[in-house]
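Here is the structure we will look at, set down as C-alpha cells.
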Amino acid sequence: MYIPNEKRYENMIYNRCGKSGLKLPAVSLGLWKNFGSEGVFANMENMVHTAFDLGITHFDLANNYGFPYNGTAEENFGRILDNGMRQFRDELCISTKAGYEMWDGPYGDRNGSRKYLTASLDQSLKRMKLDYVDIFYHHVFDPETPLEETALALDNAVRQGKALYVGISNYNKQQTMEIMEIFKELKTPFIVNQPSYSMLNRWIEEDGLDVWAKENGVGISVFSPLQQGILTGKYISDIPSDSRVGKGDTWVGSMLDESTREKVSALNEIAKARGQKLSQLALSWVLRNGRVTTVLIGASRPSQIIENAECIKKLDFTDEEIKAIEEVLAG
C-alpha cells in the first residue's frame with residue numbers, strides 16, 4: 001500500500017499558472033517516454049510515487065503517449081491511480097493533450113477539429129478512469145482547421161465538466177494571440193502554452209512568446225528542457241548504445257556535432273563550479289526565466305527524478321555565471 005511522504009510539500013516551489021488560481025510545481029513529470037507497453041510497470045509506478053513524494057503534483061500526458069501503442073501511457077497511469085494513487089486525486093494536477101495522429105481515418109489524424117478533440121478527450125478519460133482532467137491541451141497548431149472551431153472544442157470540454165482549464169502546445173506568439181482573443185470572448189479558462197525551450201533551443205525568446213505570455217497572464221509549461229537528453233552530458237564523449245540517441249528513439253541525434261559537444265562540455269564545467277549536475281544547471285537556467293511556470297522532465301528511473309528536482313535549490317545565477325553561459329551558447 002503506497003503511503004506518500006508526509007513532508008512532500010515542504011520543499012517544492014509552486015508557481016501560479018498565468019493569472020489563474022492554479023499553481024503548478026516548478027518541476028513536473030511528463031509521461032511521454034518510458035510509460036508505454038514496453039516499459040516495466042513497477043518502474044513506472046515507482047517513478048510516479050517518487051515524483052509525488054518530492055511534491056511534484058503535476059503529471060502531463062497526451063493521447064498518443066506510449067510506445068509502441070498510442071494511449072498506453074494513459075492506460076498505465078490509470079493503473080497507477082488504481083493501485084493507491086487515486087485517493088489523492090484532489091492533490092494531483094493531471095493534464096492531457098490531443099492534436100497529433102491517433103487513430104486510422106480522417107477523424108483521428110493530426111488536426112484540431114471539434115470531432116477529433118471531443119472524441120480524443122473522451123478516450124483519454126476512459127483510459128485513465130477519470131471524470132475530468134485538470135488541463136486539456138490542443139497539442140499542435142492546425143492550419144487546416146479554423147481556429148475558432150478548435151477554441152470552441154476546448155471551451156466545450158470545460159462546459160461539459162471534462163476539463164477544468166485549457167491550454168495549447170507548439171503554438172507561436174502570433175497563433176497564441178489569435179486563439180486567446182477567441183477564448184476571451186468565450187470566457188474560457190485558457191491558462192497555459194506548452195512550448196519546447198532549453199539552453200540549446202531558445203525560440204520562444206526570439207519569437208517573444210515568453211514575454212507576451214507573462215504580460216497577458218498565460219503560463220508557460222516547458223517541454224524538452226534537457227534537449228532530449230543532450231543537456232544531461234551523457235553524449236559529451238560518445239553515444240551510449242542504450243541511450244535514446246543510440247537506439248534512434250529521438251530526433252536530436254543530428255544535433256550532436258562537434259560544436260554542440262564542445263558547448264555541452266563547457267556548460268558541464270560551469271555546472272560543476274556551481275555544485276550542480278549539468279541537467280540541474282539546464283533546468284535551473286530555464287526556470288530562471290521568470291515567465292516559465294514549470295519544466296516538464298522525463299525519466300527512465302526514479303533516481304533521475306530525485307536528481308533533477310534538486311534544480312530548484314539553485315535558481316539564482318551570478319552575473320558572471322550568466323555571462324559565461326551566454327558566451328558558451330553563442331559560440
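The chains in the C-alpha cells are called A, B, ... from first to last as shown; in each chain the residues are counted from 1, and the ligands are counted from 1 in the order shown.
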Can you list, as a compact mmCIF listing (two decimals) with all heavy atoms, in the first residue's frame, all residues belonging to segment 101-294 of chain A that DSSP tags as strand (DSSP E)?
```
# COMPACT_ATOMS: atom_id res chain seq x y z
N VAL A 133 -10.04 15.99 -16.54
CA VAL A 133 -8.62 16.32 -16.41
C VAL A 133 -8.54 17.76 -15.96
O VAL A 133 -9.46 18.55 -16.15
CB VAL A 133 -7.84 16.12 -17.72
CG1 VAL A 133 -7.72 14.65 -18.07
CG2 VAL A 133 -8.44 16.92 -18.86
N ASP A 134 -7.42 18.12 -15.36
CA ASP A 134 -7.27 19.49 -14.88
C ASP A 134 -6.97 20.45 -16.04
O ASP A 134 -7.47 21.57 -16.05
CB ASP A 134 -6.17 19.54 -13.83
CG ASP A 134 -6.55 18.73 -12.60
OD1 ASP A 134 -7.33 19.23 -11.77
OD2 ASP A 134 -6.11 17.57 -12.50
N ILE A 135 -6.14 20.00 -16.98
CA ILE A 135 -5.83 20.82 -18.16
C ILE A 135 -5.94 19.96 -19.41
O ILE A 135 -5.36 18.87 -19.48
CB ILE A 135 -4.40 21.40 -18.09
CG1 ILE A 135 -4.16 22.15 -16.77
CG2 ILE A 135 -4.14 22.35 -19.27
CD1 ILE A 135 -2.70 22.58 -16.56
N PHE A 136 -6.66 20.45 -20.39
CA PHE A 136 -6.75 19.79 -21.69
C PHE A 136 -6.16 20.70 -22.75
O PHE A 136 -6.59 21.84 -22.92
CB PHE A 136 -8.21 19.46 -22.03
CG PHE A 136 -8.39 18.74 -23.34
CD1 PHE A 136 -7.57 17.68 -23.69
CD2 PHE A 136 -9.39 19.12 -24.23
CE1 PHE A 136 -7.74 17.00 -24.90
CE2 PHE A 136 -9.57 18.45 -25.44
CZ PHE A 136 -8.74 17.39 -25.78
N TYR A 137 -5.13 20.20 -23.42
CA TYR A 137 -4.40 20.97 -24.41
C TYR A 137 -4.74 20.57 -25.85
O TYR A 137 -4.95 19.38 -26.13
CB TYR A 137 -2.90 20.71 -24.31
CG TYR A 137 -2.15 21.24 -23.13
CD1 TYR A 137 -2.04 20.50 -21.94
CD2 TYR A 137 -1.44 22.44 -23.21
CE1 TYR A 137 -1.28 20.96 -20.88
CE2 TYR A 137 -0.68 22.90 -22.15
CZ TYR A 137 -0.60 22.16 -21.00
OH TYR A 137 0.16 22.60 -19.94
N HIS A 138 -4.72 21.57 -26.76
CA HIS A 138 -4.56 21.23 -28.17
C HIS A 138 -3.07 21.12 -28.40
O HIS A 138 -2.31 22.06 -28.14
CB HIS A 138 -5.16 22.29 -29.09
CG HIS A 138 -5.07 21.92 -30.53
ND1 HIS A 138 -4.78 22.81 -31.53
CD2 HIS A 138 -5.19 20.70 -31.15
CE1 HIS A 138 -4.75 22.18 -32.69
NE2 HIS A 138 -5.00 20.89 -32.48
N ALA A 163 -12.92 19.05 -18.39
CA ALA A 163 -11.64 19.71 -18.16
C ALA A 163 -11.89 20.96 -17.32
O ALA A 163 -12.93 21.62 -17.47
CB ALA A 163 -10.97 20.08 -19.48
N LEU A 164 -10.96 21.28 -16.45
CA LEU A 164 -11.11 22.48 -15.63
C LEU A 164 -10.52 23.71 -16.32
O LEU A 164 -11.04 24.81 -16.19
CB LEU A 164 -10.43 22.28 -14.27
CG LEU A 164 -10.93 21.10 -13.42
CD1 LEU A 164 -10.25 21.10 -12.07
CD2 LEU A 164 -12.45 21.15 -13.26
N TYR A 165 -9.40 23.49 -17.02
CA TYR A 165 -8.71 24.56 -17.73
C TYR A 165 -8.31 24.04 -19.11
O TYR A 165 -8.27 22.83 -19.34
CB TYR A 165 -7.44 25.00 -17.00
CG TYR A 165 -7.63 25.42 -15.57
CD1 TYR A 165 -7.51 24.49 -14.53
CD2 TYR A 165 -7.91 26.75 -15.23
CE1 TYR A 165 -7.66 24.87 -13.20
CE2 TYR A 165 -8.07 27.13 -13.90
CZ TYR A 165 -7.94 26.19 -12.90
OH TYR A 165 -8.10 26.58 -11.59
N VAL A 166 -7.98 24.95 -20.01
CA VAL A 166 -7.49 24.53 -21.33
C VAL A 166 -6.15 25.19 -21.61
O VAL A 166 -5.79 26.23 -21.03
CB VAL A 166 -8.48 24.86 -22.46
CG1 VAL A 166 -9.83 24.22 -22.20
CG2 VAL A 166 -8.62 26.36 -22.66
N GLY A 167 -5.40 24.55 -22.51
CA GLY A 167 -4.10 25.06 -22.91
C GLY A 167 -3.83 24.73 -24.36
O GLY A 167 -4.62 24.05 -25.03
N ILE A 168 -2.72 25.23 -24.86
CA ILE A 168 -2.26 24.94 -26.21
C ILE A 168 -0.79 24.56 -26.15
O ILE A 168 -0.10 24.91 -25.19
CB ILE A 168 -2.46 26.14 -27.16
CG1 ILE A 168 -1.82 27.40 -26.56
CG2 ILE A 168 -3.95 26.36 -27.45
CD1 ILE A 168 -1.89 28.62 -27.45
N SER A 169 -0.32 23.85 -27.14
CA SER A 169 1.07 23.44 -27.18
C SER A 169 1.60 23.62 -28.60
O SER A 169 0.86 23.44 -29.58
CB SER A 169 1.20 21.97 -26.75
OG SER A 169 2.55 21.55 -26.77
N PHE A 190 -8.50 29.69 -20.30
CA PHE A 190 -7.26 29.38 -21.01
C PHE A 190 -6.09 29.90 -20.19
O PHE A 190 -5.99 31.10 -19.93
CB PHE A 190 -7.29 30.05 -22.39
CG PHE A 190 -5.94 30.13 -23.07
CD1 PHE A 190 -5.20 28.98 -23.32
CD2 PHE A 190 -5.42 31.36 -23.47
CE1 PHE A 190 -3.96 29.05 -23.94
CE2 PHE A 190 -4.19 31.45 -24.10
CZ PHE A 190 -3.46 30.30 -24.33
N ILE A 191 -5.19 29.01 -19.75
CA ILE A 191 -4.18 29.43 -18.78
C ILE A 191 -2.73 29.13 -19.16
O ILE A 191 -1.82 29.64 -18.51
CB ILE A 191 -4.45 28.79 -17.40
CG1 ILE A 191 -4.28 27.27 -17.46
CG2 ILE A 191 -5.83 29.18 -16.88
CD1 ILE A 191 -4.28 26.61 -16.09
N VAL A 192 -2.49 28.33 -20.22
CA VAL A 192 -1.11 27.88 -20.41
C VAL A 192 -0.80 27.51 -21.86
O VAL A 192 -1.66 27.03 -22.59
CB VAL A 192 -0.82 26.67 -19.49
CG1 VAL A 192 -1.69 25.47 -19.85
CG2 VAL A 192 0.66 26.29 -19.49
N ASN A 193 0.46 27.78 -22.25
CA ASN A 193 1.01 27.31 -23.52
C ASN A 193 2.18 26.39 -23.17
O ASN A 193 2.93 26.67 -22.24
CB ASN A 193 1.50 28.49 -24.37
CG ASN A 193 1.88 28.10 -25.79
OD1 ASN A 193 2.14 26.93 -26.08
ND2 ASN A 193 1.91 29.07 -26.68
N GLN A 194 2.32 25.28 -23.90
CA GLN A 194 3.39 24.33 -23.64
C GLN A 194 4.33 24.27 -24.85
O GLN A 194 4.10 23.52 -25.79
CB GLN A 194 2.82 22.94 -23.33
CG GLN A 194 3.87 21.94 -22.89
CD GLN A 194 3.28 20.58 -22.57
OE1 GLN A 194 3.66 19.57 -23.18
NE2 GLN A 194 2.36 20.51 -21.62
N GLY A 219 0.43 31.12 -18.57
CA GLY A 219 1.56 30.36 -18.05
C GLY A 219 2.35 29.70 -19.17
O GLY A 219 1.85 29.52 -20.28
N ILE A 220 3.59 29.34 -18.85
CA ILE A 220 4.45 28.61 -19.80
C ILE A 220 4.90 27.32 -19.13
O ILE A 220 5.56 27.33 -18.09
CB ILE A 220 5.69 29.44 -20.19
CG1 ILE A 220 5.29 30.70 -20.97
CG2 ILE A 220 6.66 28.59 -21.01
CD1 ILE A 220 4.81 30.44 -22.38
N SER A 221 4.53 26.19 -19.74
CA SER A 221 4.94 24.87 -19.27
C SER A 221 5.91 24.32 -20.31
O SER A 221 5.52 24.03 -21.44
CB SER A 221 3.72 23.95 -19.13
OG SER A 221 4.09 22.64 -18.80
N VAL A 222 7.17 24.17 -19.95
CA VAL A 222 8.23 23.87 -20.93
C VAL A 222 8.47 22.37 -21.07
O VAL A 222 8.67 21.67 -20.08
CB VAL A 222 9.54 24.56 -20.50
CG1 VAL A 222 10.71 24.05 -21.33
CG2 VAL A 222 9.41 26.07 -20.63
N THR A 294 6.59 26.07 -15.16
CA THR A 294 7.06 24.75 -14.78
C THR A 294 7.87 24.12 -15.90
O THR A 294 7.65 24.43 -17.08
CB THR A 294 5.88 23.83 -14.41
OG1 THR A 294 6.38 22.56 -13.93
CG2 THR A 294 4.98 23.56 -15.59
```
**Study point:** Filtered DSSP result for segment 26-244 of chain A, state helix (DSSP H, G or I), as a ChimeraX atom specification
**Key:** /A:41-53,72-91,114-128,147-159,173-186,203-207,209-215,227-232
Check your understanding: From the list A:Ala330, A:Cys17, A:Leu61, A:Ala42, which residue is nearest Arg291 of chain A when using only C-alpha atoms?
Key ->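 Selected residue with least distance to Arg291 of chain A: A:Cys17.
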**Study point:** Spatial neighbours of segment 116-120 of chain A, 9 Å, only C-alpha atoms, chain gap at least 2 places, as number ranges by chain
**Key:** A: 63, 97-99, 102, 107-114, 122-125, 138, 150, 153-154, 156-157
Save the residues we just selected, C-alpha atoms, as a PDB file, in the first residue's frame?
```
ATOM      1  CA  ASN A  63      -3.459  10.801 -26.159  1.00  0.00           C
ATOM      2  CA  LYS A  97      -3.331  16.666 -24.942  1.00  0.00           C
ATOM      3  CA  ALA A  98      -4.715  15.879 -28.393  1.00  0.00           C
ATOM      4  CA  GLY A  99      -3.588  17.028 -31.806  1.00  0.00           C
ATOM      5  CA  MET A 102      -4.027   8.977 -33.043  1.00  0.00           C
ATOM      6  CA  TYR A 107     -11.064  11.874 -37.884  1.00  0.00           C
ATOM      7  CA  GLY A 108      -8.046  10.572 -35.991  1.00  0.00           C
ATOM      8  CA  ASP A 109      -5.185  12.100 -37.916  1.00  0.00           C
ATOM      9  CA  ARG A 110      -3.263  15.256 -36.969  1.00  0.00           C
ATOM     10  CA  ASN A 111      -5.857  18.003 -36.618  1.00  0.00           C
ATOM     11  CA  GLY A 112      -7.741  20.357 -34.354  1.00  0.00           C
ATOM     12  CA  SER A 113     -11.331  19.639 -35.335  1.00  0.00           C
ATOM     13  CA  ARG A 114     -14.171  19.583 -32.840  1.00  0.00           C
ATOM     14  CA  ASP A 122     -13.458  11.001 -24.078  1.00  0.00           C
ATOM     15  CA  GLN A 123     -10.956   8.251 -24.899  1.00  0.00           C
ATOM     16  CA  SER A 124      -8.329   9.729 -22.574  1.00  0.00           C
ATOM     17  CA  LEU A 125     -10.762   9.959 -19.665  1.00  0.00           C
ATOM     18  CA  HIS A 138      -4.562  21.231 -28.171  1.00  0.00           C
ATOM     19  CA  THR A 150     -10.530  24.450 -32.131  1.00  0.00           C
ATOM     20  CA  ALA A 153     -13.995  22.462 -28.884  1.00  0.00           C
ATOM     21  CA  LEU A 154     -11.670  23.217 -25.969  1.00  0.00           C
ATOM     22  CA  ASN A 156     -16.898  22.838 -24.767  1.00  0.00           C
ATOM     23  CA  ALA A 157     -14.696  20.401 -22.820  1.00  0.00           C
TER      24      ALA A 157
END
```
**Study point:** Coordinates-based distance that separates atom CA of Glu206 of chain A from atom CA of Leu296 of chain A (Å, one decimal)
**Key:**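 Interatomic distance, atom CA of Leu296 of chain A to atom CA of Glu206 of chain A: 21.0 Å.
Comparing the minimum interatomic distances between Arg159 of chain A and each of A:Gly229, A:Pro195, A:Gly275, A:Pro189, counting only C-alpha atoms, we find that A:Pro189 sits nearest.
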**Study point:** Spatial neighbours of segment 308-322 of chain A, max dist 9 Å, only C-alpha atoms, sep filter under 6 positions, as a PyMOL selection string
**Key:** chain A and resi 11-13+26-28+51+54+56+270+274+276-277+279-285+287-288+297
Restricting it to N, CA, C and O atoms, dump the selection as a JSON list (two decimals), in the first residue's frame.
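Now in selection-v8.json:
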```json
[["chain", "number", "residue", "atom", "x", "y", "z"],
["A", 11, "ASN", "N", 9.34, 21.31, 0.41],
["A", 11, "ASN", "CA", 10.50, 21.80, -0.34],
["A", 11, "ASN", "C", 10.20, 22.22, -1.78],
["A", 11, "ASN", "O", 10.96, 23.00, -2.36],
["A", 12, "MET", "N", 9.15, 21.71, -2.37],
["A", 12, "MET", "CA", 8.84, 22.06, -3.76],
["A", 12, "MET", "C", 8.36, 23.51, -3.85],
["A", 12, "MET", "O", 7.69, 24.03, -2.95],
["A", 13, "ILE", "N", 8.69, 24.16, -4.95],
["A", 13, "ILE", "CA", 8.21, 25.51, -5.24],
["A", 13, "ILE", "C", 6.96, 25.40, -6.12],
["A", 13, "ILE", "O", 6.95, 24.61, -7.08],
["A", 26, "ALA", "N", 7.27, 23.76, -9.72],
["A", 26, "ALA", "CA", 8.30, 24.24, -10.63],
["A", 26, "ALA", "C", 8.81, 23.12, -11.52],
["A", 26, "ALA", "O", 9.20, 23.34, -12.67],
["A", 27, "VAL", "N", 8.79, 21.90, -10.99],
["A", 27, "VAL", "CA", 9.18, 20.71, -11.76],
["A", 27, "VAL", "C", 7.97, 19.79, -11.86],
["A", 27, "VAL", "O", 7.35, 19.46, -10.85],
["A", 28, "SER", "N", 7.62, 19.40, -13.08],
["A", 28, "SER", "CA", 6.50, 18.49, -13.33],
["A", 28, "SER", "C", 7.03, 17.24, -14.03],
["A", 28, "SER", "O", 8.11, 17.25, -14.62],
["A", 51, "ALA", "N", 8.01, 10.98, -7.65],
["A", 51, "ALA", "CA", 7.69, 12.37, -8.00],
["A", 51, "ALA", "C", 6.74, 12.98, -6.98],
["A", 51, "ALA", "O", 6.97, 14.08, -6.47],
["A", 54, "LEU", "N", 8.18, 13.95, -3.75],
["A", 54, "LEU", "CA", 9.00, 15.17, -3.83],
["A", 54, "LEU", "C", 8.16, 16.43, -3.96],
["A", 54, "LEU", "O", 8.69, 17.53, -4.08],
["A", 56, "ILE", "N", 5.97, 16.85, -6.45],
["A", 56, "ILE", "CA", 5.59, 17.01, -7.85],
["A", 56, "ILE", "C", 4.15, 16.54, -7.99],
["A", 56, "ILE", "O", 3.87, 15.34, -7.92],
["A", 270, "ILE", "N", 30.75, 24.68, -16.02],
["A", 270, "ILE", "CA", 30.06, 25.74, -15.28],
["A", 270, "ILE", "C", 29.17, 25.11, -14.20],
["A", 270, "ILE", "O", 29.09, 25.60, -13.07],
["A", 274, "ARG", "N", 29.22, 25.37, -9.97],
["A", 274, "ARG", "CA", 28.05, 25.76, -9.18],
["A", 274, "ARG", "C", 27.62, 24.66, -8.21],
["A", 274, "ARG", "O", 26.67, 24.85, -7.44],
["A", 276, "GLN", "N", 26.50, 21.69, -9.25],
["A", 276, "GLN", "CA", 25.34, 21.05, -9.86],
["A", 276, "GLN", "C", 25.75, 20.03, -10.92],
["A", 276, "GLN", "O", 26.86, 20.09, -11.47],
["A", 277, "LYS", "N", 24.83, 19.13, -11.23],
["A", 277, "LYS", "CA", 24.95, 18.30, -12.41],
["A", 277, "LYS", "C", 24.55, 19.16, -13.60],
["A", 277, "LYS", "O", 23.83, 20.15, -13.44],
["A", 279, "SER", "N", 22.41, 18.55, -15.94],
["A", 279, "SER", "CA", 20.95, 18.55, -16.08],
["A", 279, "SER", "C", 20.30, 19.53, -15.12],
["A", 279, "SER", "O", 19.35, 20.24, -15.46],
["A", 280, "GLN", "N", 20.83, 19.60, -13.89],
["A", 280, "GLN", "CA", 20.29, 20.53, -12.90],
["A", 280, "GLN", "C", 20.53, 21.98, -13.33],
["A", 280, "GLN", "O", 19.65, 22.83, -13.17],
["A", 281, "LEU", "N", 21.73, 22.24, -13.86],
["A", 281, "LEU", "CA", 22.03, 23.58, -14.36],
["A", 281, "LEU", "C", 21.06, 23.97, -15.46],
["A", 281, "LEU", "O", 20.51, 25.08, -15.46],
["A", 282, "ALA", "N", 20.82, 23.06, -16.40],
["A", 282, "ALA", "CA", 19.95, 23.34, -17.54],
["A", 282, "ALA", "C", 18.52, 23.64, -17.09],
["A", 282, "ALA", "O", 17.86, 24.54, -17.62],
["A", 283, "LEU", "N", 18.04, 22.90, -16.10],
["A", 283, "LEU", "CA", 16.69, 23.12, -15.59],
["A", 283, "LEU", "C", 16.61, 24.42, -14.79],
["A", 283, "LEU", "O", 15.64, 25.18, -14.91],
["A", 284, "SER", "N", 17.63, 24.68, -13.98],
["A", 284, "SER", "CA", 17.66, 25.93, -13.22],
["A", 284, "SER", "C", 17.67, 27.13, -14.16],
["A", 284, "SER", "O", 17.02, 28.15, -13.90],
["A", 285, "TRP", "N", 18.41, 27.01, -15.25],
["A", 285, "TRP", "CA", 18.51, 28.10, -16.23],
["A", 285, "TRP", "C", 17.15, 28.38, -16.87],
["A", 285, "TRP", "O", 16.75, 29.53, -17.04],
["A", 287, "LEU", "N", 14.19, 27.74, -15.54],
["A", 287, "LEU", "CA", 13.32, 28.32, -14.50],
["A", 287, "LEU", "C", 13.75, 29.73, -14.13],
["A", 287, "LEU", "O", 12.95, 30.50, -13.59],
["A", 288, "ARG", "N", 15.00, 30.07, -14.40],
["A", 288, "ARG", "CA", 15.47, 31.43, -14.14],
["A", 288, "ARG", "C", 14.68, 32.43, -14.96],
["A", 288, "ARG", "O", 14.48, 33.57, -14.56],
["A", 297, "ILE", "N", 9.93, 17.34, -16.87],
["A", 297, "ILE", "CA", 11.06, 16.43, -17.02],
["A", 297, "ILE", "C", 10.53, 15.05, -17.39],
["A", 297, "ILE", "O", 9.42, 14.66, -17.02]]
```
Exercise for review: Go ahead and compute the interatomic distance for atom CA of Leu226 of chain A and atom CA of Pro143 of chain A, in Å to one decimal.
Suggested key: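 Atom-to-atom, atom CA of Leu226 of chain A to atom CA of Pro143 of chain A, that is 28.6 Å.
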Practice item. Find the distance between atom CA of Tyr9 of chain A and atom CA of Leu81 of chain A and write it in Å to one decimal. Key: 19.7 Å
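Counting only C-alpha atoms, the residue from A:Leu29, A:Lys162, A:Gln174, A:Ser265 that sits nearest to Ala213 of chain A is A:Gln174.
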**Study point:** Among listed residues A:Val328, A:Ile80, A:Val295, A:Val40, nearest Val264 of chain A (using only C-alpha atoms)
**Key:** A:Val328
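Among the candidate residues A:Thr72, A:Ser95, A:Asn170, A:Thr260, the one lying nearest to Met199 of chain A is A:Thr260, with distances computed using only C-alpha atoms.
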